[in-house]
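Structure below is work06.csv: CSV, C-alpha atoms.
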chain,number,residue,atom,x,y,z
A,1,MET,CA,32.5,25.8,-31.7
A,2,SER,CA,30.1,25.3,-34.5
A,3,GLY,CA,27.7,27.7,-32.7
A,4,ILE,CA,30.3,30.4,-32.7
A,5,ALA,CA,31.2,29.7,-36.3
A,6,SER,CA,27.6,29.9,-37.4
A,7,PHE,CA,27.1,33.1,-35.4
A,8,PHE,CA,30.0,34.8,-37.3
A,9,GLY,CA,28.7,33.3,-40.5
A,10,TRP,CA,25.4,35.0,-39.7
A,11,LEU,CA,27.1,38.3,-38.9
A,12,ASN,CA,29.0,38.1,-42.1
A,13,ASP,CA,25.9,37.4,-44.2
A,14,ALA,CA,23.8,40.0,-42.5
A,15,LEU,CA,26.2,42.9,-42.1
A,16,LEU,CA,28.8,42.5,-44.8
A,17,LYS,CA,27.1,40.5,-47.5
A,18,MET,CA,23.7,42.0,-46.6
A,19,THR,CA,21.9,38.9,-48.1
A,20,TRP,CA,18.6,40.3,-46.7
A,21,LEU,CA,19.0,43.4,-48.8
A,22,ASN,CA,19.5,41.3,-51.9
A,23,GLU,CA,16.3,39.5,-51.1
A,24,LEU,CA,14.5,42.7,-50.4
A,25,VAL,CA,15.6,44.3,-53.6
A,26,GLY,CA,14.7,41.0,-55.4
A,27,ALA,CA,11.2,41.3,-54.1
A,28,LEU,CA,11.0,44.9,-55.1
A,29,VAL,CA,12.2,44.1,-58.6
A,30,GLU,CA,9.7,41.2,-59.0
A,31,ASN,CA,6.6,42.8,-57.4
A,32,VAL,CA,6.9,46.5,-58.0
A,33,PHE,CA,8.8,46.6,-61.3
A,34,GLY,CA,7.2,43.4,-62.5
A,35,LEU,CA,10.5,41.9,-63.8
A,36,SER,CA,11.4,38.3,-63.3
A,37,LEU,CA,14.7,37.7,-61.5
A,38,ASP,CA,15.4,34.9,-63.9
A,39,GLY,CA,15.3,37.2,-66.9
A,40,ARG,CA,18.2,39.4,-67.9
A,41,PRO,CA,16.7,42.9,-67.2
A,42,GLY,CA,15.5,41.8,-63.8
A,43,ALA,CA,18.8,40.3,-62.7
A,44,SER,CA,20.7,43.4,-63.9
A,45,VAL,CA,18.4,45.8,-62.1
A,46,GLN,CA,18.6,43.7,-58.9
A,47,PHE,CA,22.4,43.6,-59.1
A,48,PHE,CA,22.6,47.4,-59.7
A,49,ILE,CA,20.3,48.5,-56.9
A,50,TYR,CA,21.5,46.0,-54.3
A,51,ASP,CA,25.2,46.6,-55.1
A,52,THR,CA,24.9,50.4,-55.1
A,53,ILE,CA,23.2,50.5,-51.7
A,54,LYS,CA,25.5,47.9,-50.2
A,55,ILE,CA,28.7,49.6,-51.4
A,56,PHE,CA,27.7,53.1,-50.2
A,57,VAL,CA,26.5,51.9,-46.8
A,58,LEU,CA,29.6,49.8,-46.2
A,59,LEU,CA,31.9,52.4,-47.6
A,60,SER,CA,30.6,55.2,-45.4
A,61,THR,CA,30.6,53.2,-42.2
A,62,LEU,CA,34.0,51.7,-42.8
A,63,ILE,CA,35.7,55.0,-43.7
A,64,LEU,CA,34.3,56.6,-40.6
A,65,ILE,CA,35.7,53.9,-38.4
A,66,ILE,CA,39.0,53.5,-40.2
A,67,SER,CA,39.7,57.2,-40.5
A,68,TYR,CA,39.3,57.5,-36.8
A,69,VAL,CA,42.0,54.9,-36.4
A,70,GLN,CA,44.1,56.6,-39.0
A,71,SER,CA,44.0,59.9,-37.2
A,72,PHE,CA,46.5,58.3,-34.8
A,73,PHE,CA,49.0,57.8,-37.6
A,74,PRO,CA,49.5,61.1,-39.3
A,75,PRO,CA,52.3,61.0,-42.0
A,76,GLU,CA,54.5,63.1,-39.7
A,77,ARG,CA,54.5,60.4,-37.2
A,78,THR,CA,55.0,57.7,-39.8
A,79,ARG,CA,58.1,59.5,-41.0
A,80,LYS,CA,59.6,59.5,-37.5
A,81,ILE,CA,58.8,55.8,-37.1
A,82,LEU,CA,60.3,54.9,-40.4
A,83,GLY,CA,63.5,56.8,-39.7
A,84,ARG,CA,64.4,54.3,-37.0
A,85,PHE,CA,64.5,51.3,-39.3
A,86,SER,CA,66.7,50.3,-42.1
A,87,GLY,CA,67.0,47.7,-44.9
A,88,VAL,CA,64.1,45.5,-45.8
A,89,TRP,CA,62.5,46.1,-42.4
A,90,ALA,CA,62.1,49.8,-43.3
A,91,ASN,CA,60.4,48.7,-46.5
A,92,ALA,CA,58.1,46.3,-44.7
A,93,LEU,CA,57.2,48.9,-42.2
A,94,GLY,CA,56.7,51.5,-44.9
A,95,ALA,CA,54.3,49.1,-46.7
A,96,LEU,CA,52.4,48.4,-43.4
A,97,LEU,CA,52.2,52.0,-42.4
A,98,GLY,CA,51.0,52.8,-46.0
A,99,THR,CA,47.8,50.9,-45.1
A,100,ILE,CA,47.0,53.0,-42.0
A,101,THR,CA,48.4,56.4,-42.8
A,102,PRO,CA,45.7,58.7,-44.2
A,103,PHE,CA,46.8,59.6,-47.7
A,104,CYS,CA,45.4,60.9,-50.9
A,105,SER,CA,47.1,61.6,-54.2
A,106,CYS,CA,46.9,65.3,-53.5
A,107,SER,CA,49.3,65.0,-50.6
A,108,SER,CA,51.8,62.7,-52.4
A,109,ILE,CA,54.2,65.5,-53.2
A,110,PRO,CA,54.6,67.0,-49.7
A,111,LEU,CA,54.8,63.4,-48.5
A,112,PHE,CA,57.5,62.4,-50.9
A,113,ILE,CA,59.5,65.5,-50.2
A,114,GLY,CA,59.0,65.1,-46.5
A,115,PHE,CA,60.1,61.5,-46.4
A,116,THR,CA,63.0,61.9,-48.8
A,117,SER,CA,64.5,65.1,-47.4
A,118,ALA,CA,64.4,63.4,-43.9
A,119,GLY,CA,66.9,60.9,-45.3
A,120,LEU,CA,64.5,58.0,-45.8
A,121,PRO,CA,65.7,55.8,-48.7
A,122,ILE,CA,63.5,56.4,-51.7
A,123,GLY,CA,62.8,52.6,-51.8
A,124,VAL,CA,61.0,52.9,-48.5
A,125,THR,CA,59.0,55.8,-49.7
A,126,PHE,CA,58.0,53.8,-52.7
A,127,SER,CA,57.0,50.8,-50.6
A,128,PHE,CA,54.7,53.3,-48.8
A,129,LEU,CA,53.4,54.8,-52.1
A,130,ILE,CA,52.7,51.3,-53.6
A,131,SER,CA,50.8,49.9,-50.6
A,132,SER,CA,48.9,53.0,-49.7
A,133,PRO,CA,46.3,53.0,-52.6
A,134,LEU,CA,46.5,49.2,-53.0
A,135,VAL,CA,45.9,47.9,-49.6
A,136,ASP,CA,43.3,49.9,-47.9
A,137,LEU,CA,41.6,48.7,-44.7
A,138,ALA,CA,38.2,49.5,-46.1
A,139,SER,CA,38.8,47.7,-49.3
A,140,VAL,CA,39.9,44.6,-47.4
A,141,ILE,CA,36.6,44.4,-45.5
A,142,LEU,CA,34.7,45.0,-48.8
A,143,LEU,CA,36.6,42.2,-50.4
A,144,ALA,CA,35.7,39.9,-47.5
A,145,SER,CA,32.1,41.0,-48.0
A,146,ILE,CA,32.0,40.2,-51.7
A,147,PHE,CA,34.2,37.2,-51.8
A,148,ASN,CA,35.4,35.7,-48.5
A,149,TRP,CA,38.0,36.3,-45.7
A,150,LYS,CA,40.6,34.0,-47.2
A,151,ILE,CA,40.6,36.0,-50.4
A,152,ALA,CA,40.7,39.3,-48.5
A,153,ILE,CA,43.6,38.3,-46.4
A,154,ALA,CA,45.5,36.8,-49.4
A,155,TYR,CA,44.9,40.2,-51.2
A,156,VAL,CA,46.5,42.1,-48.2
A,157,VAL,CA,49.4,39.7,-48.0
A,158,VAL,CA,50.3,39.9,-51.7
A,159,GLY,CA,49.7,43.6,-51.8
A,160,LEU,CA,52.2,44.1,-49.0
A,161,VAL,CA,54.7,41.7,-50.5
A,162,LEU,CA,54.4,43.6,-53.8
A,163,ALA,CA,55.0,46.9,-52.0
A,164,VAL,CA,58.1,45.5,-50.1
A,165,ILE,CA,59.6,43.9,-53.2
A,166,GLY,CA,58.9,46.9,-55.4
A,167,GLY,CA,60.5,49.3,-52.9
A,168,SER,CA,63.5,47.0,-52.4
A,169,VAL,CA,64.1,46.8,-56.1
A,170,ILE,CA,64.0,50.5,-56.4
A,171,SER,CA,66.5,50.7,-53.5
A,172,ALA,CA,68.7,48.1,-55.1
A,173,PHE,CA,69.0,50.0,-58.3
A,174,LYS,CA,70.2,53.1,-56.4
A,175,LEU,CA,68.0,55.5,-58.3
A,176,GLU,CA,68.5,58.5,-56.0
A,177,ARG,CA,70.1,60.5,-58.7
A,178,PHE,CA,66.7,60.6,-60.5
A,179,VAL,CA,65.0,62.5,-57.8
A,180,GLU,CA,64.6,66.1,-58.6
A,181,PRO,CA,67.3,68.1,-56.8
A,182,PHE,CA,65.0,70.6,-55.2
A,183,VAL,CA,63.5,67.7,-53.1
A,184,TYR,CA,66.7,67.4,-51.1
A,185,GLY,CA,66.9,71.2,-50.6
A,186,THR,CA,63.4,71.4,-49.0
A,187,HIS,CA,63.3,70.7,-45.3
A,188,LEU,CA,60.5,69.5,-43.2
A,189,ALA,CA,60.8,71.2,-39.9
A,190,ASP,CA,60.6,69.0,-36.8
A,191,ALA,CA,57.5,70.5,-35.1
A,192,ASP,CA,55.3,69.1,-32.5
A,193,LEU,CA,51.9,68.8,-33.9
A,194,PRO,CA,48.9,69.7,-31.8
A,195,GLU,CA,47.5,66.8,-29.8
A,196,LEU,CA,44.1,65.7,-31.1
A,197,ALA,CA,41.1,65.4,-28.9
A,198,ALA,CA,38.4,62.8,-29.6
A,199,ARG,CA,36.2,65.4,-31.2
A,200,ASP,CA,39.0,66.4,-33.5
A,201,ARG,CA,39.4,62.8,-34.6
A,202,LEU,CA,35.7,62.6,-35.2
A,203,ALA,CA,35.8,65.7,-37.3
A,204,PHE,CA,38.8,64.3,-39.2
A,205,ALA,CA,36.9,61.0,-39.8
A,206,TRP,CA,33.8,62.7,-40.9
A,207,GLN,CA,35.7,64.9,-43.3
A,208,ALA,CA,37.3,61.7,-44.8
A,209,VAL,CA,33.8,60.2,-45.4
A,210,VAL,CA,32.5,63.3,-47.1
A,211,ASP,CA,35.7,63.7,-49.2
A,212,ILE,CA,35.9,60.0,-50.3
A,213,VAL,CA,32.2,59.6,-51.0
A,214,LYS,CA,32.2,62.8,-53.1
A,215,LYS,CA,35.3,61.6,-54.9
A,216,VAL,CA,34.4,58.0,-55.6
A,217,TRP,CA,30.6,57.9,-56.2
A,218,PRO,CA,30.9,58.2,-60.0
A,219,TYR,CA,33.4,55.4,-60.1
A,220,VAL,CA,31.2,53.2,-57.9
A,221,LEU,CA,28.1,53.8,-60.0
A,222,ALA,CA,30.2,53.2,-63.2
A,223,GLY,CA,31.6,50.1,-61.7
A,224,VAL,CA,28.2,48.7,-60.6
A,225,GLY,CA,26.8,49.6,-64.0
A,226,ILE,CA,29.6,47.7,-65.8
A,227,GLY,CA,29.2,44.9,-63.3
A,228,ALA,CA,25.4,44.7,-63.9
A,229,ILE,CA,26.0,44.6,-67.7
A,230,ILE,CA,28.6,41.8,-67.3
A,231,HIS,CA,26.2,40.1,-64.9
A,232,GLY,CA,23.2,40.0,-67.1
A,233,TRP,CA,24.2,40.5,-70.7
A,234,ILE,CA,27.7,39.3,-71.6
A,235,PRO,CA,27.7,35.6,-72.4
A,236,GLU,CA,29.9,33.5,-70.2
A,237,SER,CA,31.5,31.8,-73.2
A,238,PHE,CA,32.8,35.2,-74.4
A,239,ILE,CA,34.2,36.2,-71.0
A,240,SER,CA,35.8,32.8,-70.4
A,241,ALA,CA,37.4,32.9,-73.9
A,242,VAL,CA,39.0,36.3,-73.1
A,243,LEU,CA,39.7,36.1,-69.4
A,244,GLY,CA,39.2,32.4,-68.5
A,245,ASP,CA,41.6,29.6,-67.8
A,246,ARG,CA,41.8,28.6,-71.5
A,247,ASN,CA,43.4,31.9,-72.5
A,248,PRO,CA,47.0,31.8,-71.2
A,249,PHE,CA,47.2,35.6,-71.6
A,250,SER,CA,44.1,36.3,-69.4
A,251,VAL,CA,46.2,37.9,-66.7
A,252,VAL,CA,48.0,40.1,-69.2
A,253,VAL,CA,44.8,41.2,-70.8
A,254,ALA,CA,43.3,42.0,-67.3
A,255,THR,CA,46.4,44.0,-66.3
A,256,LEU,CA,46.6,45.9,-69.6
A,257,VAL,CA,42.9,46.8,-69.4
A,258,GLY,CA,43.3,47.9,-65.8
A,259,VAL,CA,46.3,50.1,-65.9
A,260,PRO,CA,44.9,53.0,-67.9
A,261,MET,CA,41.6,52.8,-66.0
A,262,TYR,CA,41.6,55.1,-63.0
A,263,ALA,CA,39.1,54.2,-60.3
A,264,ASP,CA,39.0,53.8,-56.7
A,265,ILE,CA,39.1,50.2,-55.4
A,266,PHE,CA,35.5,50.6,-54.5
A,267,GLY,CA,34.7,51.1,-58.2
A,268,THR,CA,36.5,47.9,-59.2
A,269,LEU,CA,34.8,45.6,-56.6
A,270,PRO,CA,31.4,45.2,-58.4
A,271,ILE,CA,33.2,44.5,-61.7
A,272,ALA,CA,35.4,41.9,-59.9
A,273,GLU,CA,32.3,40.4,-58.4
A,274,ALA,CA,30.6,40.0,-61.7
A,275,LEU,CA,33.7,38.5,-63.3
A,276,VAL,CA,34.1,36.0,-60.6
A,277,ALA,CA,30.4,35.0,-61.0
A,278,LYS,CA,31.2,34.3,-64.7
A,279,GLY,CA,33.9,31.9,-63.7
A,280,VAL,CA,37.0,34.1,-64.3
A,281,GLY,CA,40.0,33.0,-62.3
A,282,ILE,CA,40.7,34.8,-59.0
A,283,GLY,CA,44.2,35.7,-60.0
A,284,THR,CA,42.9,37.4,-63.2
A,285,VAL,CA,40.4,39.4,-61.2
A,286,LEU,CA,42.9,40.4,-58.5
A,287,ALA,CA,45.4,41.5,-61.3
A,288,PHE,CA,42.7,43.7,-62.8
A,289,MET,CA,41.9,45.3,-59.4
A,290,MET,CA,45.5,45.9,-58.6
A,291,ALA,CA,46.3,47.4,-62.0
A,292,VAL,CA,43.4,49.8,-61.7
A,293,THR,CA,44.2,50.9,-58.1
A,294,ALA,CA,48.0,50.8,-57.8
A,295,LEU,CA,48.8,52.7,-61.0
A,296,SER,CA,46.8,55.8,-62.0
A,297,LEU,CA,47.6,58.6,-64.4
A,298,PRO,CA,47.0,61.4,-61.8
A,299,SER,CA,49.4,59.9,-59.3
A,300,LEU,CA,52.0,59.3,-62.0
A,301,ILE,CA,51.7,62.9,-63.1
A,302,MET,CA,52.1,64.1,-59.4
A,303,LEU,CA,55.1,61.9,-59.0
A,304,LYS,CA,56.6,63.2,-62.2
A,305,LYS,CA,57.0,66.6,-60.5
A,306,VAL,CA,59.4,65.1,-57.9
A,307,VAL,CA,61.2,62.3,-59.8
A,308,LYS,CA,62.7,61.9,-63.3
A,309,THR,CA,61.5,59.6,-65.9
A,310,PRO,CA,63.9,56.6,-65.4
A,311,LEU,CA,62.8,56.3,-61.7
A,312,LEU,CA,59.1,56.7,-62.6
A,313,ALA,CA,59.5,54.1,-65.4
A,314,THR,CA,61.2,51.7,-63.0
A,315,PHE,CA,58.4,52.1,-60.5
A,316,PHE,CA,55.8,51.5,-63.2
A,317,GLY,CA,57.6,48.4,-64.6
A,318,VAL,CA,58.2,46.8,-61.2
A,319,VAL,CA,54.6,47.2,-60.2
A,320,VAL,CA,53.2,45.9,-63.5
A,321,ALA,CA,55.6,42.9,-63.3
A,322,GLY,CA,54.6,42.2,-59.7
A,323,ILE,CA,50.9,42.3,-60.6
A,324,LEU,CA,51.4,39.8,-63.5
A,325,VAL,CA,53.3,37.4,-61.2
A,326,ILE,CA,50.6,37.7,-58.5
A,327,GLY,CA,47.9,37.1,-61.0
A,328,TYR,CA,49.4,33.9,-62.4
A,329,ALA,CA,50.3,32.6,-59.0
A,330,PHE,CA,46.7,33.1,-57.7
A,331,ASN,CA,45.3,31.4,-60.8
A,332,ALA,CA,47.7,28.5,-60.3
A,333,PHE,CA,47.0,28.1,-56.6
A,334,GLY,CA,43.6,29.7,-56.4
A,335,GLY,CA,41.8,26.4,-55.8
A,336,TRP,CA,41.9,27.0,-52.1
A,337,PHE,CA,40.5,30.3,-52.0
A,338,VAL,CA,37.0,29.5,-53.3
B,339,MET,CA,47.9,88.4,-34.7
B,340,ILE,CA,48.5,86.7,-38.0
B,341,ILE,CA,46.7,83.5,-39.0
B,342,LYS,CA,48.2,81.5,-41.8
B,343,ILE,CA,46.3,78.8,-43.8
B,344,LEU,CA,48.7,76.2,-45.2
B,345,GLY,CA,47.7,74.3,-48.3
B,346,SER,CA,48.3,74.1,-52.0
B,347,GLY,CA,44.8,75.4,-52.8
B,348,CYS,CA,42.8,72.1,-52.5
B,349,MET,CA,39.2,72.2,-51.6
B,350,ASN,CA,39.7,71.6,-47.9
B,351,CYS,CA,42.2,74.5,-47.7
B,352,GLN,CA,39.6,76.8,-49.0
B,353,LYS,CA,37.1,75.5,-46.5
B,354,LEU,CA,39.5,76.1,-43.6
B,355,GLU,CA,40.3,79.5,-44.9
B,356,ALA,CA,36.6,80.4,-45.0
B,357,LEU,CA,36.1,79.1,-41.4
B,358,ALA,CA,39.1,81.1,-40.2
B,359,LYS,CA,37.8,84.2,-41.7
B,360,LYS,CA,34.4,83.6,-40.1
B,361,ALA,CA,36.1,83.0,-36.7
B,362,VAL,CA,38.1,86.2,-37.1
B,363,GLY,CA,34.9,88.1,-37.7
B,364,GLU,CA,33.7,87.3,-34.2
B,365,PRO,CA,34.2,90.0,-31.5
B,366,GLY,CA,37.3,89.5,-29.5
B,367,LEU,CA,39.4,88.1,-32.3
B,368,GLU,CA,41.2,90.4,-34.5
B,369,ALA,CA,43.6,88.9,-37.0
B,370,GLU,CA,44.8,88.9,-40.5
B,371,VAL,CA,44.3,85.7,-42.5
B,372,VAL,CA,47.0,84.9,-45.1
B,373,LYS,CA,47.5,81.9,-47.3
B,374,VAL,CA,50.7,79.9,-47.6
B,375,THR,CA,50.7,77.8,-50.8
B,376,ASP,CA,54.4,77.0,-51.4
B,377,PHE,CA,55.4,73.5,-50.5
B,378,ALA,CA,58.7,74.5,-49.0
B,379,ASP,CA,57.0,77.2,-46.9
B,380,ILE,CA,54.4,74.7,-45.7
B,381,MET,CA,56.9,72.1,-44.8
B,382,ALA,CA,58.9,74.7,-42.8
B,383,TYR,CA,56.1,74.3,-40.3
B,384,GLY,CA,56.7,70.6,-40.0
B,385,ILE,CA,53.5,69.4,-41.6
B,386,MET,CA,52.9,67.2,-44.6
B,387,SER,CA,49.2,66.9,-44.3
B,388,THR,CA,47.2,69.9,-45.4
B,389,PRO,CA,45.2,71.9,-44.7
B,390,GLY,CA,47.0,73.5,-41.8
B,391,LEU,CA,46.3,76.5,-39.6
B,392,VAL,CA,49.1,78.5,-38.0
B,393,GLU,CA,48.6,81.2,-35.5
B,394,ASP,CA,51.6,83.4,-34.5
B,395,GLU,CA,53.9,80.8,-36.0
B,396,GLN,CA,52.4,77.9,-34.0
B,397,VAL,CA,50.7,75.0,-35.8
B,398,LYS,CA,47.2,74.8,-34.3
B,399,ILE,CA,45.5,72.5,-36.8
B,400,ALA,CA,46.9,70.0,-39.3
B,401,GLY,CA,45.4,67.6,-41.8
B,402,PHE,CA,41.7,68.2,-41.4
B,403,VAL,CA,38.9,70.8,-41.3
B,404,PRO,CA,37.3,71.0,-37.9
B,405,PRO,CA,33.9,72.5,-37.3
B,406,LEU,CA,33.7,76.3,-36.8
B,407,GLU,CA,33.5,76.0,-33.0
B,408,GLN,CA,36.7,74.1,-32.9
B,409,VAL,CA,38.5,76.6,-35.1
B,410,LYS,CA,37.4,79.4,-32.7
B,411,ALA,CA,38.5,77.4,-29.7
B,412,ALA,CA,41.9,76.8,-31.2
B,413,LEU,CA,42.3,80.5,-31.9
B,414,GLN,CA,41.1,81.6,-28.5
B,415,SER,CA,43.3,79.2,-26.6
B,416,GLY,CA,46.2,80.7,-28.5
B,417,SER,CA,45.5,84.4,-27.7
B,418,ALA,CA,44.9,83.6,-24.0
B,419,SER,CA,48.3,82.1,-23.5

Since I need it in another form, could you write the structure as structure tokens?
Amino acid sequence: MSGIASFFGWLNDALLKMTWLNELVGALVENVFGLSLDGRPGASVQFFIYDTIKIFVLLSTLILIISYVQSFFPPERTRKILGRFSGVWANALGALLGTITPFCSCSSIPLFIGFTSAGLPIGVTFSFLISSPLVDLASVILLASIFNWKIAIAYVVVGLVLAVIGGSVISAFKLERFVEPFVYGTHLADADLPELAARDRLAFAWQAVVDIVKKVWPYVLAGVGIGAIIHGWIPESFISAVLGDRNPFSVVVATLVGVPMYADIFGTLPIAEALVAKGVGIGTVLAFMMAVTALSLPSLIMLKKVVKTPLLATFFGVVVAGILVIGYAFNAFGGWFV
Amino acid sequence: MIIKILGSGCMNCQKLEALAKKAVGEPGLEAEVVKVTDFADIMAYGIMSTPGLVEDEQVKIAGFVPPLEQVKAALQSGSAS
């Protein structure tokens, strides 16, 4: 048993954490750049180079594999599956399918219209829309790489729970009247989509890699840059005073800072990594990541075209409240995750 | 025949349109390429994921941009049947 465990430990270190890369970059920084790893500039440069390479390599590989899997779950099929369920089960399934249905904010309008006009309760659609950006298979594996599997799995579970509860609350409030009327007048025809061959799926997956890397590289670089600065230059005492256990509002601060930020989850990971290294509570870090990824201005603007303000505000309020609860809960019980 | 490119004008829709026009330029394929950008019209074909390619009112491609060879193959399989 311990043999198997150490084998997986080695796989995790070599492939996900890429500890060898960190050492390699460390050697480069010390010997070629002539910077000591114990000094601030050396440590920041090492963090920046190592993290940038690691995130892009993992990102591309993961998206290729995951998009291939996702090509089996186009939104048209997801809609059909969801139509067979009702109540909280529909919300749960909506949240689950949100993680594997390929989705970008540019297709949120046709998706919202398609789901809603097919008679799906809007709460189910919102469960889908909350979980989709929040719980992404690639981000889960990256979380495991940066922290550990316990944290990654806990993140998935709370993300799904947030999506189910958020959607259920929206259903309970019966907010259908705040959907723009034209949505119900538009009909998605029930067509049979062409069956995809393996090469089509590969083309689909490759396109996803190109699209996502093109879209997220500035956020990743910015995230790694901010992470490197936190890592090397911001004193631990300052960070722990603002975001540490001693500040009872740390989760609120992290959430409020995160909401207006718009980045992909891949951009938030290096910042999260640096904050954890400075002793910030895991709940505070998760709250920050969730606030950045779940709520973004572009997606709210998109949604505004299909729903009226009271529904949009409810969605926003429910998600923010959920993130705060999750943050404090993880800080309270976070002992077991590290 | 008429080839319709379904999509709200995103980058991938433009890519697919360019590919379709290239494919149409080949001998043996004569067609007119038109764009469909209205959501209601797109959804009338039963797809939510753009870009889409429709040939003679039949959805041939939905949700991704295949390489040129596959676009050609999709169009030719249609004209043969």

Original post:
Suppose you want the space between atom CA of A:Val169 and atom CA of A:Val253; what is it in Å?
Top reply: 24.9 Å

Subject >> Close residues, A:Leu311 itself excluded, 9 Å, only C-alpha atoms, min 3 positions apart in chain, as a ChimeraX atom specification >> reply: /A:170,175-179,307-308,314-316

Go ahead and dump the residues you just picked, C-alpha atoms, as a PDB file, keeping the file's coordinate frame.
ATOM      1  CA  ILE A 170      64.000  50.500 -56.400  1.00  0.00           C
ATOM      2  CA  LEU A 175      68.000  55.500 -58.300  1.00  0.00           C
ATOM      3  CA  GLU A 176      68.500  58.500 -56.000  1.00  0.00           C
ATOM      4  CA  ARG A 177      70.100  60.500 -58.700  1.00  0.00           C
ATOM      5  CA  PHE A 178      66.700  60.600 -60.500  1.00  0.00           C
ATOM      6  CA  VAL A 179      65.000  62.500 -57.800  1.00  0.00           C
ATOM      7  CA  VAL A 307      61.200  62.300 -59.800  1.00  0.00           C
ATOM      8  CA  LYS A 308      62.700  61.900 -63.300  1.00  0.00           C
ATOM      9  CA  THR A 314      61.200  51.700 -63.000  1.00  0.00           C
ATOM     10  CA  PHE A 315      58.400  52.100 -60.500  1.00  0.00           C
ATOM     11  CA  PHE A 316      55.800  51.500 -63.200  1.00  0.00           C
TER      12      PHE A 316
END

Original post:
Of the candidates B:Ala382, B:Val374, B:Ala361, B:Val392, which one gets nearest to B:Pro405 if we count all atoms listed in the file?
Top reply: B:Ala361

Under the rule of at most 9 Å, produce a per-residue listing of chain B near chain A: chain, number, name, the closest pair of atoms, and the distance in Å, as a Markdown table, using only C-alpha atoms.
| residue | atom | partner | partner_atom | distance |
| --- | --- | --- | --- | --- |
| B:Cys348 | CA | A:Cys106 | CA | 8.0 |
| B:Asn350 | CA | A:Asp211 | CA | 8.9 |
| B:Phe377 | CA | A:Pro110 | CA | 6.6 |
| B:Ala378 | CA | A:Thr186 | CA | 5.6 |
| B:Asp379 | CA | A:Thr186 | CA | 8.9 |
| B:Ile380 | CA | A:Leu188 | CA | 8.4 |
| B:Met381 | CA | A:Leu188 | CA | 4.7 |
| B:Ala382 | CA | A:Ala189 | CA | 4.9 |
| B:Tyr383 | CA | A:Ala189 | CA | 5.6 |
| B:Gly384 | CA | A:Ala189 | CA | 4.1 |
| B:Ile385 | CA | A:Glu76 | CA | 6.7 |
| B:Met386 | CA | A:Pro110 | CA | 5.4 |
| B:Ser387 | CA | A:Ser107 | CA | 6.6 |
| B:Thr388 | CA | A:Ser107 | CA | 7.4 |
| B:Val397 | CA | A:Leu193 | CA | 6.6 |
| B:Lys398 | CA | A:Pro194 | CA | 5.9 |
| B:Ile399 | CA | A:Pro194 | CA | 6.7 |
| B:Ala400 | CA | A:Leu193 | CA | 7.5 |
| B:Gly401 | CA | A:Phe204 | CA | 7.8 |
| B:Phe402 | CA | A:Phe204 | CA | 5.3 |
| B:Val403 | CA | A:Phe204 | CA | 6.8 |
| B:Pro404 | CA | A:Ala203 | CA | 5.5 |
| B:Pro405 | CA | A:Ala203 | CA | 7.1 |
| B:Gln408 | CA | A:Asp200 | CA | 8.1 |

Subject >> Selection near A:Ile53, 12 Å with all atoms listed in the file, sequence-local residues under 2 positions removed, as a list in words >> reply: Leu16, Lys17, Met18, Leu21, Asn22, Leu24, Val25, Gln46, Phe47, Phe48, Ile49, Tyr50, Asp51, Ile55, Phe56, Val57, Leu58, Leu59, Ser60, Trp217, Val220, Leu221, Val224 and Pro270 of chain A

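A straight line drawn from atom CA of B:Val371 to atom CA of A:Ala198 is 26.9 Å long.
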
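Atom pair atom CA of A:Leu286 / atom CA of A:Leu243: separated by 12.1 Å.
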
Original post:
Which of these, B:Leu406, B:Val362, B:Cys351, B:Met339, has the shortest distance to B:Leu391 once you count all atoms listed in the file?
Top reply: B:Cys351

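Among the candidates A:Ile122, A:Ala277, A:Ile100, A:Leu129, the one nearest to A:Ser86 when counting all atoms listed in the file is A:Ile122.
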
**OP:** Fewer than 6 positions away in the same chain doesn't count, so skip those; otherwise give me all residues within 9 Å of stretch 80-83 of chain A, counting all atoms listed in the file, as number ranges by chain.
**Re:** A: 90-91, 93-94, 97, 115, 118-120, 124

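Remark: for B:Gln352, the closest of the candidate residues B:Lys410, B:Glu393, B:Thr375, B:Glu368 is B:Thr375 (distances computed over only C-alpha atoms).
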
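Minimum distance to A:Pro310 across A:Tyr219, A:Gly283, A:Glu180, A:Phe266 (counting only C-alpha atoms) occurs at A:Glu180.
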
**OP:** For each of B:Ala369, B:Pro389, B:Glu407, B:Asp376, take the minimum atom-to-atom distance to B:Ile341, counting all atoms listed in the file, then give the residue where this is smallest.
**Re:** B:Ala369
